[in-house]
$ cat target.cif   # mmCIF, C-alpha atoms and all ligand atoms
data_query
#
loop_
_atom_site.label_atom_id
_atom_site.label_comp_id
_atom_site.auth_asym_id
_atom_site.auth_seq_id
_atom_site.Cartn_x
_atom_site.Cartn_y
_atom_site.Cartn_z
CA ASP Z 1 5.51 -57.80 11.58
CA PRO Z 2 7.70 -60.96 11.46
CA ARG Z 3 10.05 -59.24 9.05
CA LEU Z 4 11.32 -57.02 11.87
CA GLN Z 5 12.74 -59.99 13.77
CA ALA Z 6 14.63 -61.11 10.67
CA ILE Z 7 16.04 -57.61 10.27
CA SER Z 8 17.10 -57.43 13.90
CA ASN Z 9 18.71 -60.88 13.71
CA ALA Z 10 20.77 -59.83 10.69
CA ILE Z 11 22.40 -56.90 12.49
CA ARG Z 12 25.72 -57.78 14.11
CA VAL Z 13 26.82 -56.23 17.36
CA VAL Z 14 30.55 -55.53 17.60
CA PRO Z 15 31.57 -54.74 21.18
CA HIS Z 16 34.14 -52.03 21.80
CA PHE Z 17 34.09 -50.61 18.27
CA PRO Z 18 35.25 -48.00 17.41
CA LYS Z 19 36.26 -47.59 21.02
CA GLN Z 20 36.01 -49.20 24.45
CA GLY Z 21 32.46 -49.51 25.79
CA ILE Z 22 30.55 -48.96 22.53
CA MET Z 23 28.29 -51.76 21.29
CA PHE Z 24 28.50 -51.01 17.59
CA GLN Z 25 25.44 -51.94 15.55
CA ASP Z 26 26.91 -53.28 12.30
CA ILE Z 27 24.48 -53.18 9.38
CA THR Z 28 26.95 -54.68 6.86
CA THR Z 29 25.70 -58.12 7.91
CA LEU Z 30 22.15 -56.99 7.13
CA LEU Z 31 23.34 -56.11 3.60
CA LEU Z 32 24.74 -59.65 3.25
CA ASP Z 33 21.34 -61.17 4.01
CA HIS Z 34 19.31 -60.67 0.85
CA LYS Z 35 15.96 -61.41 2.47
CA ALA Z 36 16.48 -59.18 5.49
CA PHE Z 37 17.90 -56.39 3.33
CA LYS Z 38 14.88 -56.59 1.04
CA HIS Z 39 12.49 -56.60 4.00
CA THR Z 40 14.16 -53.43 5.25
CA VAL Z 41 13.74 -51.59 1.96
CA ASP Z 42 10.20 -52.97 1.45
CA ILE Z 43 8.97 -51.71 4.82
CA PHE Z 44 10.17 -48.18 4.09
CA VAL Z 45 8.76 -48.34 0.56
CA ASP Z 46 5.34 -49.50 1.79
CA ARG Z 47 5.29 -46.65 4.26
CA TYR Z 48 6.38 -43.86 1.92
CA LYS Z 49 5.12 -44.86 -1.54
CA ASP Z 50 1.77 -43.05 -1.30
CA MET Z 51 2.90 -40.00 0.66
CA ASP Z 52 3.77 -37.84 -2.33
CA ILE Z 53 7.47 -37.84 -1.44
CA SER Z 54 9.76 -36.42 -4.15
CA VAL Z 55 13.04 -36.36 -2.18
CA VAL Z 56 14.84 -39.14 -0.33
CA ALA Z 57 17.83 -37.58 1.44
CA GLY Z 58 20.45 -40.06 2.66
CA VAL Z 59 23.03 -39.34 5.35
CA GLU Z 60 26.64 -40.31 4.59
CA ALA Z 61 27.66 -43.05 4.67
CA ARG Z 62 25.19 -45.69 5.80
CA GLY Z 63 22.14 -43.71 4.70
CA PHE Z 64 23.55 -44.23 1.19
CA MET Z 65 23.09 -48.00 1.58
CA PHE Z 66 19.31 -47.81 2.02
CA GLY Z 67 18.18 -44.47 0.60
CA PRO Z 68 18.72 -45.02 -3.15
CA SER Z 69 16.75 -48.30 -3.22
CA ILE Z 70 13.86 -46.58 -1.44
CA ALA Z 71 14.02 -43.60 -3.79
CA LEU Z 72 13.92 -45.77 -6.93
CA ALA Z 73 10.98 -47.77 -5.64
CA ILE Z 74 8.84 -44.78 -4.66
CA GLY Z 75 9.73 -42.69 -7.71
CA ALA Z 76 11.68 -40.00 -5.87
CA LYS Z 77 15.08 -38.40 -6.34
CA PHE Z 78 17.98 -39.38 -4.09
CA VAL Z 79 19.95 -36.54 -2.50
CA PRO Z 80 23.23 -37.34 -0.71
CA LEU Z 81 23.93 -35.36 2.45
CA ARG Z 82 27.70 -35.55 2.76
CA LYS Z 83 30.53 -34.87 5.13
CA PRO Z 84 32.48 -31.65 4.44
CA LYS Z 85 34.45 -31.14 1.23
CA LYS Z 86 33.09 -34.19 -0.60
CA LEU Z 87 30.49 -32.52 -2.85
CA PRO Z 88 32.02 -30.69 -5.83
CA GLY Z 89 29.31 -28.11 -6.47
CA GLU Z 90 28.02 -25.18 -4.46
CA VAL Z 91 26.80 -26.38 -1.06
CA ILE Z 92 25.00 -25.29 2.07
CA ALA Z 93 26.26 -26.70 5.37
CA GLU Z 94 24.89 -27.44 8.84
CA ALA Z 95 27.07 -28.29 11.83
CA TYR Z 96 26.01 -30.67 14.60
CA GLU Z 97 27.38 -31.74 17.95
CA LEU Z 98 29.07 -35.10 18.43
CA GLU Z 99 29.99 -36.76 21.70
CA TYR Z 100 33.40 -35.21 21.24
CA GLY Z 101 33.51 -32.16 19.02
CA ARG Z 102 31.44 -31.21 16.00
CA ASP Z 103 30.77 -32.45 12.52
CA CYS Z 104 29.00 -31.05 9.51
CA LEU Z 105 26.70 -32.18 6.69
CA GLU Z 106 26.56 -30.54 3.28
CA MET Z 107 23.97 -30.56 0.49
CA HIS Z 108 24.25 -29.36 -3.11
CA VAL Z 109 22.45 -26.12 -3.84
CA GLY Z 110 19.77 -26.81 -6.44
CA ALA Z 111 19.31 -30.48 -5.55
CA VAL Z 112 16.05 -29.81 -3.73
CA GLU Z 113 13.47 -27.15 -4.53
CA ALA Z 114 11.18 -25.19 -2.24
CA GLY Z 115 7.91 -27.01 -1.55
CA GLU Z 116 9.25 -30.51 -2.16
CA ARG Z 117 8.21 -33.23 0.28
CA ALA Z 118 11.25 -35.06 1.69
CA ILE Z 119 12.18 -37.94 3.93
CA VAL Z 120 15.61 -38.39 5.53
CA ILE Z 121 17.10 -41.90 5.74
CA ASP Z 122 19.95 -43.11 7.96
CA ASP Z 123 20.89 -46.46 9.46
CA LEU Z 124 20.81 -45.50 13.13
CA VAL Z 125 19.63 -42.67 15.36
CA ALA Z 126 21.25 -42.13 18.73
CA THR Z 127 21.10 -38.53 19.96
CA GLY Z 128 19.38 -37.30 16.81
CA GLY Z 129 22.03 -34.66 16.21
CA THR Z 130 22.85 -35.93 12.74
CA LEU Z 131 19.21 -36.09 11.63
CA SER Z 132 18.55 -32.63 13.04
CA ALA Z 133 21.30 -31.20 10.85
CA ALA Z 134 19.80 -33.03 7.86
CA ILE Z 135 16.37 -31.56 8.61
CA ARG Z 136 17.81 -28.05 8.87
CA LEU Z 137 19.52 -28.40 5.47
CA LEU Z 138 16.27 -29.39 3.78
CA GLU Z 139 14.19 -26.75 5.55
CA ARG Z 140 16.68 -24.02 4.62
CA VAL Z 141 15.85 -24.58 0.95
CA GLY Z 142 12.12 -24.62 1.67
CA ALA Z 143 11.49 -28.36 1.53
CA GLN Z 144 9.00 -30.02 3.86
CA VAL Z 145 10.53 -32.85 5.89
CA VAL Z 146 7.72 -35.35 6.28
CA GLU Z 147 9.62 -37.86 8.43
CA CYS Z 148 13.02 -39.33 9.26
CA GLY Z 149 13.36 -43.08 8.79
CA CYS Z 150 16.05 -45.19 10.47
CA VAL Z 151 16.67 -48.91 10.61
CA ILE Z 152 17.83 -48.81 14.25
CA GLY Z 153 16.89 -46.50 17.11
CA LEU Z 154 16.43 -46.49 20.84
CA ARG Z 155 12.75 -46.73 21.71
CA GLU Z 156 12.98 -43.79 24.04
CA VAL Z 157 14.99 -41.94 21.43
CA LYS Z 158 16.30 -38.91 23.14
CA GLY Z 159 16.78 -37.78 19.59
CA GLN Z 160 13.04 -37.16 19.28
CA LEU Z 161 13.53 -33.96 21.20
CA ARG Z 162 16.16 -32.72 18.81
CA LEU Z 163 14.34 -33.60 15.64
CA ASN Z 164 12.64 -30.23 15.41
CA GLY Z 165 9.23 -31.79 15.98
CA LYS Z 166 9.59 -34.13 12.99
CA PRO Z 167 8.29 -37.68 13.27
CA LEU Z 168 10.83 -40.44 13.52
CA TYR Z 169 10.15 -43.93 12.13
CA ILE Z 170 12.32 -46.74 13.49
CA LEU Z 171 12.27 -50.40 12.51
CA VAL Z 172 14.21 -52.10 15.33
CA GLU Z 173 15.94 -51.37 18.61
CA PRO Z 174 19.68 -51.90 19.13
CA ARG Z 175 20.58 -55.52 19.81
P1 LIG A 201 23.35 -39.35 16.39
O1 LIG A 201 23.71 -38.12 15.61
O2 LIG A 201 21.88 -39.67 16.32
O3 LIG A 201 23.84 -39.28 17.80
O4 LIG A 201 24.16 -40.56 15.75
C1 LIG A 201 23.72 -41.18 14.58
C2 LIG A 201 24.84 -41.32 13.58
O5 LIG A 201 25.93 -42.05 14.15
C3 LIG A 201 24.37 -42.06 12.36
O6 LIG A 201 24.82 -41.40 11.18
C4 LIG A 201 24.97 -43.45 12.50
O7 LIG A 201 25.37 -43.97 11.24
C5 LIG A 201 26.15 -43.27 13.44
N1 LIG A 201 26.28 -44.34 14.46
C6 LIG A 201 26.49 -44.14 15.78
N2 LIG A 201 26.57 -45.31 16.44
C7 LIG A 201 26.40 -46.27 15.54
C8 LIG A 201 26.35 -47.71 15.61
O8 LIG A 201 26.47 -48.36 16.66
N3 LIG A 201 26.14 -48.38 14.46
C9 LIG A 201 25.98 -47.72 13.29
N4 LIG A 201 25.77 -48.47 12.19
N5 LIG A 201 26.00 -46.38 13.18
C10 LIG A 201 26.22 -45.65 14.29
#
$ encode --input "target.cif" --output "structure tokens"
Amino acid sequence: DPRLQAISNAIRVVPHFPKQGIMFQDITTLLLDHKAFKHTVDIFVDRYKDMDISVVAGVEARGFMFGPSIALAIGAKFVPLRKPKKLPGEVIAEAYELEYGRDCLEMHVGAVEAGERAIVIDDLVATGGTLSAAIRLLERVGAQVVECGCVIGLREVKGQLRLNGKPLYILVEPR
């Protein structure tokens, strides 16, 4: 698919951000490139439009930049999975391990019903810890997580192992 090269080309690599040694994959330049941004959304939409998906869950913050466009196009609801203390209503929470320390994702109670078919969207998967927490949130309320979709991922995603057996769909590898 020639669109994948355009997507990859639009991602900027920022060395040593946010700290020494990290090659940060910056998707804000992808958002500046209308064609590449549209290709990104279109590929996910083509994949998910006929899979009877009623929930697109987006991971804060960069999952919010792709998830809502996908949800609108496939006729699903968008559910934000947020960092602690951001959602005003009653929430359930799942912690996950980071390189240093832990973090947590929260979801509003009542946003997703038992039996709904969901996908989880984020910009990048590294260890898969974040997506695993997202999957646990959705499964706790009885939803079926059909797949996780990310713009960027390592081919040999170690994350696969931690995704609770859920398929992972990745568009491009890190640059
Ligand atoms: P994981 O939990 O899979 O180890 O890390 C994935 C999370 O870290 C995602 O929410 C992603 O947004 C963020 N992340 C880690 N490194 C990068 C990076 O280089 N670029 C971007 N855009 N996000 C990153």
$ residues_near_ligand --input "target.cif" --ligand "ligand LIG 201 (chain A)" --cutoff "9 Å" --atoms "all atoms listed in the file" --output "CSV table (one decimal) with C-alpha atoms, in the frame of the given file"
chain,number,residue,atom,x,y,z
Z,13,VAL,CA,26.8,-56.2,17.4
Z,14,VAL,CA,30.6,-55.5,17.6
Z,17,PHE,CA,34.1,-50.6,18.3
Z,18,PRO,CA,35.2,-48.0,17.4
Z,22,ILE,CA,30.6,-49.0,22.5
Z,23,MET,CA,28.3,-51.8,21.3
Z,24,PHE,CA,28.5,-51.0,17.6
Z,25,GLN,CA,25.4,-51.9,15.6
Z,26,ASP,CA,26.9,-53.3,12.3
Z,27,ILE,CA,24.5,-53.2,9.4
Z,28,THR,CA,27.0,-54.7,6.9
Z,59,VAL,CA,23.0,-39.3,5.4
Z,60,GLU,CA,26.6,-40.3,4.6
Z,61,ALA,CA,27.7,-43.0,4.7
Z,62,ARG,CA,25.2,-45.7,5.8
Z,63,GLY,CA,22.1,-43.7,4.7
Z,96,TYR,CA,26.0,-30.7,14.6
Z,97,GLU,CA,27.4,-31.7,18.0
Z,98,LEU,CA,29.1,-35.1,18.4
Z,99,GLU,CA,30.0,-36.8,21.7
Z,122,ASP,CA,20.0,-43.1,8.0
Z,123,ASP,CA,20.9,-46.5,9.5
Z,124,LEU,CA,20.8,-45.5,13.1
Z,125,VAL,CA,19.6,-42.7,15.4
Z,126,ALA,CA,21.2,-42.1,18.7
Z,127,THR,CA,21.1,-38.5,20.0
Z,128,GLY,CA,19.4,-37.3,16.8
Z,129,GLY,CA,22.0,-34.7,16.2
Z,130,THR,CA,22.8,-35.9,12.7
Z,131,LEU,CA,19.2,-36.1,11.6
Z,132,SER,CA,18.6,-32.6,13.0
Z,133,ALA,CA,21.3,-31.2,10.8
Z,152,ILE,CA,17.8,-48.8,14.2
Z,153,GLY,CA,16.9,-46.5,17.1
Z,157,VAL,CA,15.0,-41.9,21.4
Z,158,LYS,CA,16.3,-38.9,23.1
Z,159,GLY,CA,16.8,-37.8,19.6
Z,174,PRO,CA,19.7,-51.9,19.1
$ closest_residue --input "target.cif" --among "Z:Arg175, Z:Lys166, Z:Arg136, Z:Arg117" --to "Val151 of chain Z" --atoms "only C-alpha atoms"
Z:Arg175
$ closest_residue --input "target.cif" --among "Z:Ile119, Z:Ala6, Z:Leu105, Z:Ala95" --to "Pro68 of chain Z" --atoms "all atoms listed in the file"
Z:Ile119
$ atom_distance --input "target.cif" --atom1 "atom CA of Ala93 of chain Z" --atom2 "atom CA of Ala118 of chain Z"
17.6 Å
$ residues_around --input "target.cif" --residues "Gly67 of chain Z" --least-positions-apart "5" --cutoff "7 Å" --atoms "all atoms listed in the file" --output "list of chain:residue names"
Z:Val56, Z:Ala57, Z:Gly58, Z:Phe78, Z:Ile121
$ atom_distance --input "target.cif" --atom1 "atom CA of Ser8 of chain Z" --atom2 "atom CA of Ser69 of chain Z"
19.4 Å
$ residues_around --input "target.cif" --residues "Ala76 of chain Z" --least-positions-apart "6" --cutoff "8 Å" --atoms "all atoms listed in the file" --output "PDB file with C-alpha atoms, in the coordinates of the input"
ATOM      1  CA  ILE Z  53       7.470 -37.840  -1.440  1.00  0.00           C
ATOM      2  CA  SER Z  54       9.760 -36.420  -4.150  1.00  0.00           C
ATOM      3  CA  VAL Z  55      13.040 -36.360  -2.180  1.00  0.00           C
ATOM      4  CA  VAL Z  56      14.840 -39.140  -0.330  1.00  0.00           C
TER       5      VAL Z  56
END
$ atom_distance --input "target.cif" --atom1 "atom CA of Phe66 of chain Z" --atom2 "atom CA of Phe37 of chain Z"
8.8 Å
$ closest_residue --input "target.cif" --among "Z:Glu106, Z:Glu173, Z:Asp50, Z:Glu94" --to "Pro80 of chain Z" --atoms "only C-alpha atoms"
Z:Glu106
$ residues_around --input "target.cif" --residues "Thr29 of chain Z" --least-positions-apart "4" --cutoff "7 Å" --atoms "only C-alpha atoms" --output "list in words"
Ala10, Ile11, Arg12 and Asp33 of chain Z
$ closest_residue --input "target.cif" --among "Z:Leu31, Z:Cys150, Z:Ile74, Z:Leu4" --to "Val45 of chain Z" --atoms "all atoms listed in the file"
Z:Ile74
$ residues_around --input "target.cif" --residues "Ala114 of chain Z" --least-positions-apart "4" --cutoff "10 Å" --atoms "all atoms listed in the file" --output "list of chain:residue names"
Z:Gly110, Z:Leu138, Z:Glu139, Z:Arg140, Z:Val141, Z:Gly142, Z:Ala143, Z:Gln144
$ closest_residue --input "target.cif" --among "Z:Asp42, Z:Glu90, Z:Asp1, Z:Glu113" --to "Ala71 of chain Z" --atoms "all atoms listed in the file"
Z:Asp42
$ decode --input "target.cif" --residues "segment 80-113 of chain Z" --atoms "N, CA, C and O atoms" --output "tab-separated table (two decimals), in the first residue's frame"
chain	number	residue	atom	x	y	z
Z	80	PRO	N	-13.16	8.11	25.51
Z	80	PRO	CA	-11.81	8.49	25.93
Z	80	PRO	C	-11.35	7.68	27.14
Z	80	PRO	O	-12.08	7.57	28.12
Z	81	LEU	N	-10.16	7.13	27.05
Z	81	LEU	CA	-9.51	6.46	28.18
Z	81	LEU	C	-8.46	7.44	28.67
Z	81	LEU	O	-7.51	7.76	27.96
Z	82	ARG	N	-8.66	7.95	29.91
Z	82	ARG	CA	-7.88	9.10	30.34
Z	82	ARG	C	-6.95	8.81	31.50
Z	82	ARG	O	-7.11	7.86	32.23
Z	83	LYS	N	-5.98	9.68	31.64
Z	83	LYS	CA	-5.08	9.64	32.78
Z	83	LYS	C	-5.87	9.98	34.05
Z	83	LYS	O	-6.94	10.57	33.96
Z	84	PRO	N	-5.37	9.61	35.23
Z	84	PRO	CA	-6.15	9.76	36.46
Z	84	PRO	C	-6.63	11.19	36.73
Z	84	PRO	O	-5.94	12.15	36.42
Z	85	LYS	N	-7.85	11.24	37.28
Z	85	LYS	CA	-8.44	12.49	37.79
Z	85	LYS	C	-8.81	13.50	36.71
Z	85	LYS	O	-8.93	14.69	36.97
Z	86	LYS	N	-8.99	13.03	35.49
Z	86	LYS	CA	-9.42	13.92	34.41
Z	86	LYS	C	-10.91	13.77	34.13
Z	86	LYS	O	-11.56	14.73	33.70
Z	87	LEU	N	-11.45	12.57	34.29
Z	87	LEU	CA	-12.86	12.33	33.97
Z	87	LEU	C	-13.72	12.70	35.19
Z	87	LEU	O	-13.41	12.27	36.31
Z	88	PRO	N	-14.80	13.46	34.97
Z	88	PRO	CA	-15.57	13.97	36.10
Z	88	PRO	C	-16.55	12.97	36.72
Z	88	PRO	O	-16.94	13.12	37.87
Z	89	GLY	N	-16.98	11.98	35.93
Z	89	GLY	CA	-17.98	11.05	36.45
Z	89	GLY	C	-17.35	9.89	37.19
Z	89	GLY	O	-16.15	9.85	37.44
Z	90	GLU	N	-18.21	8.90	37.50
Z	90	GLU	CA	-17.72	7.69	38.15
Z	90	GLU	C	-16.84	6.91	37.17
Z	90	GLU	O	-17.19	6.77	35.99
Z	91	VAL	N	-15.69	6.43	37.65
Z	91	VAL	CA	-14.76	5.75	36.74
Z	91	VAL	C	-14.34	4.38	37.27
Z	91	VAL	O	-14.45	4.11	38.46
Z	92	ILE	N	-13.85	3.55	36.36
Z	92	ILE	CA	-13.05	2.39	36.76
Z	92	ILE	C	-11.63	2.66	36.27
Z	92	ILE	O	-11.42	3.41	35.30
Z	93	ALA	N	-10.64	2.07	36.96
Z	93	ALA	CA	-9.24	2.39	36.68
Z	93	ALA	C	-8.42	1.11	36.54
Z	93	ALA	O	-8.71	0.10	37.17
Z	94	GLU	N	-7.40	1.18	35.69
Z	94	GLU	CA	-6.44	0.08	35.55
Z	94	GLU	C	-5.03	0.67	35.53
Z	94	GLU	O	-4.72	1.55	34.72
Z	95	ALA	N	-4.17	0.15	36.39
Z	95	ALA	CA	-2.78	0.61	36.44
Z	95	ALA	C	-1.94	-0.19	35.45
Z	95	ALA	O	-2.29	-1.31	35.07
Z	96	TYR	N	-0.85	0.41	35.01
Z	96	TYR	CA	0.10	-0.32	34.14
Z	96	TYR	C	1.51	0.15	34.43
Z	96	TYR	O	1.73	1.24	34.94
Z	97	GLU	N	2.46	-0.71	34.09
Z	97	GLU	CA	3.87	-0.43	34.39
Z	97	GLU	C	4.47	0.45	33.31
Z	97	GLU	O	4.23	0.25	32.12
Z	98	LEU	N	5.25	1.42	33.73
Z	98	LEU	CA	6.06	2.21	32.80
Z	98	LEU	C	7.51	1.82	33.00
Z	98	LEU	O	7.84	1.05	33.90
Z	99	GLU	N	8.37	2.37	32.16
Z	99	GLU	CA	9.79	2.10	32.31
Z	99	GLU	C	10.23	2.44	33.74
Z	99	GLU	O	10.94	1.68	34.38
Z	100	TYR	N	9.77	3.63	34.19
Z	100	TYR	CA	10.03	4.00	35.57
Z	100	TYR	C	8.71	4.28	36.24
Z	100	TYR	O	8.05	5.28	35.92
Z	101	GLY	N	8.28	3.40	37.11
Z	101	GLY	CA	7.06	3.64	37.86
Z	101	GLY	C	5.81	3.09	37.21
Z	101	GLY	O	5.87	2.20	36.36
Z	102	ARG	N	4.66	3.64	37.59
Z	102	ARG	CA	3.39	3.16	37.11
Z	102	ARG	C	2.54	4.32	36.65
Z	102	ARG	O	2.75	5.45	37.06
Z	103	ASP	N	1.57	4.01	35.79
Z	103	ASP	CA	0.56	5.00	35.45
Z	103	ASP	C	-0.78	4.30	35.43
Z	103	ASP	O	-0.85	3.10	35.72
Z	104	CYS	N	-1.81	5.02	35.07
Z	104	CYS	CA	-3.15	4.50	35.24
Z	104	CYS	C	-4.05	5.09	34.15
Z	104	CYS	O	-3.84	6.23	33.74
Z	105	LEU	N	-4.99	4.29	33.65
Z	105	LEU	CA	-6.00	4.79	32.72
Z	105	LEU	C	-7.37	4.64	33.37
Z	105	LEU	O	-7.62	3.65	34.07
Z	106	GLU	N	-8.25	5.60	33.11
Z	106	GLU	CA	-9.60	5.54	33.65
Z	106	GLU	C	-10.63	5.64	32.53
Z	106	GLU	O	-10.39	6.26	31.49
Z	107	MET	N	-11.79	5.02	32.80
Z	107	MET	CA	-12.91	5.06	31.84
Z	107	MET	C	-14.20	5.33	32.61
Z	107	MET	O	-14.39	4.81	33.71
Z	108	HIS	N	-15.08	6.13	32.02
Z	108	HIS	CA	-16.36	6.41	32.67
Z	108	HIS	C	-17.22	5.16	32.75
Z	108	HIS	O	-17.40	4.45	31.74
Z	109	VAL	N	-17.77	4.93	33.91
Z	109	VAL	CA	-18.77	3.87	34.08
Z	109	VAL	C	-20.00	4.24	33.25
Z	109	VAL	O	-20.44	5.39	33.27
Z	110	GLY	N	-20.51	3.29	32.50
Z	110	GLY	CA	-21.71	3.55	31.69
Z	110	GLY	C	-21.42	3.96	30.26
Z	110	GLY	O	-22.32	4.01	29.42
Z	111	ALA	N	-20.14	4.22	29.96
Z	111	ALA	CA	-19.79	4.63	28.59
Z	111	ALA	C	-19.89	3.45	27.62
Z	111	ALA	O	-20.23	3.61	26.45
Z	112	VAL	N	-19.59	2.27	28.13
Z	112	VAL	CA	-19.58	1.06	27.29
Z	112	VAL	C	-20.43	0.00	27.99
Z	112	VAL	O	-20.34	-0.18	29.20
Z	113	GLU	N	-21.24	-0.69	27.20
Z	113	GLU	CA	-22.10	-1.72	27.77
Z	113	GLU	C	-21.58	-3.12	27.48
Z	113	GLU	O	-20.83	-3.33	26.52
